[in-house]
2 protein chains.
Amino acid sequence: MRIEKVNLKEKFKQFTDYWNPRIVGELNNQHVKLAKFKGEFIWHQHENEDEMFMVIKGSFQMHFRDKIIELKEGDFIIVPRGTEHKPVALEEVQVLLFEPATTLNTGNITNEFTKDQLQKL
Amino acid sequence: MRIEKVNLKEKFKQFTDYWNPRIVGELNNQHVKLAKFKGEFIWHQHENEDEMFMVIKGSFQMHFRDKIIELKEGDFIIVPRGTEHKPVALEEVQVLLFEPATTLNTGNITNEFTKDQLQKL
């Protein structure tokens, strides 16, 4: 395997669409993904995967059934498996995700937001 | 499990020592760790763990046997298992690590740098 560094800013420049995570790293059967969020996603959960969201630029809200958590630059949150959640971004936000390679973006739901073939950048 | 956000800056304020990673998140048997590096670490490798280093503030060099990679703010690198490496930081650098919960900081080496009881922040 060729070892190279990855620059987040450069990777984020390579796409403009929302809710479509790109794979930028793989390790220990986990994926490092980058995504841009804007607007409201759907309620969903992941049966077998804990999911980490880290804000690289901007801010967004993670909605849970019992609370809303505001995430700003330099914040991260871990959503445990089996926990319903819905990201909502009032403005565009750049997010890094860390999660098992098996993770489907819409979890237990399949709809127009579902991306089952992620691009590697 | 109680779901809370974590702010990187606040966590980094809570310690000042070098080469002593703190655990700030756990998911899918992986740990999210924060560490401050300054100076030269030791050559080592991890038999069973790929390791990710992301620069949050500052810069450092990752030395490999055949090259040196400079990492600045917003860069990350994944060091595959079985690859000898040595971090070197000319100035203090703040680093986020993603790696399996089983990872020992000095890998196959045990010496005065070894930390086998990591603190959770």
# chains A, B, ... in the order shown; residues from 1 in each chain; ligands from 1

$ interface_residues --of "chain A" --to "chain B" --cutoff "8 Å" --atoms "only C-alpha atoms" --output "NGL selection string"
:A and (1 or 3-9 or 25-28 or 49-52 or 69 or 71 or 74-80 or 99-100)

$ select_by_dssp --residues "range 4-120 of chain A" --states "alpha helix (DSSP H)" --output "PDB file with C-alpha atoms, in the first residue's frame"
ATOM      1  CA  LEU A   8      -9.207  17.689   4.048  1.00  0.00           C
ATOM      2  CA  LYS A   9      -9.604  21.056   2.338  1.00  0.00           C
ATOM      3  CA  GLU A  10      -8.428  19.674  -0.997  1.00  0.00           C
ATOM      4  CA  LYS A  11     -10.792  16.732  -0.777  1.00  0.00           C
ATOM      5  CA  PHE A  12     -13.775  18.926   0.067  1.00  0.00           C
TER       6      PHE A  12
END

$ closest_residue --among "A:Leu104, A:His85, A:Val95, A:Lys57" --to "Leu34 in chain A" --atoms "only C-alpha atoms"
A:Val95

$ select_by_dssp --residues "chain B" --states "strand (DSSP E or B)" --output "number ranges by chain"
B: 5-7, 22-27, 30-40, 44, 51-57, 59-63, 68-72, 75-79, 85-100, 120

$ residues_around --residues "Glu47 in chain A" --least-positions-apart "6" --cutoff "8 Å" --atoms "only C-alpha atoms" --output "VMD selection string"
chain A and resid 81 to 82 107 to 108

$ atom_distance --atom1 "CA of Phe37 in chain B" --atom2 "CA of Leu121 in chain A"
28.8 Å

$ closest_residue --among "B:Ala101, B:Tyr18, B:Glu92, B:Lys86" --to "His44 in chain B" --atoms "only C-alpha atoms"
B:Lys86

$ closest_residue --among "A:Thr103, A:Gln45, A:Gln61, A:Gln14" --to "Lys120 in chain A" --atoms "only C-alpha atoms"
A:Gln14

$ atom_distance --atom1 "CA of Ala89 in chain B" --atom2 "CA of Arg22 in chain B"
18.2 Å

$ atom_distance --atom1 "CA of Phe41 in chain A" --atom2 "CA of Thr106 in chain A"
8.9 Å
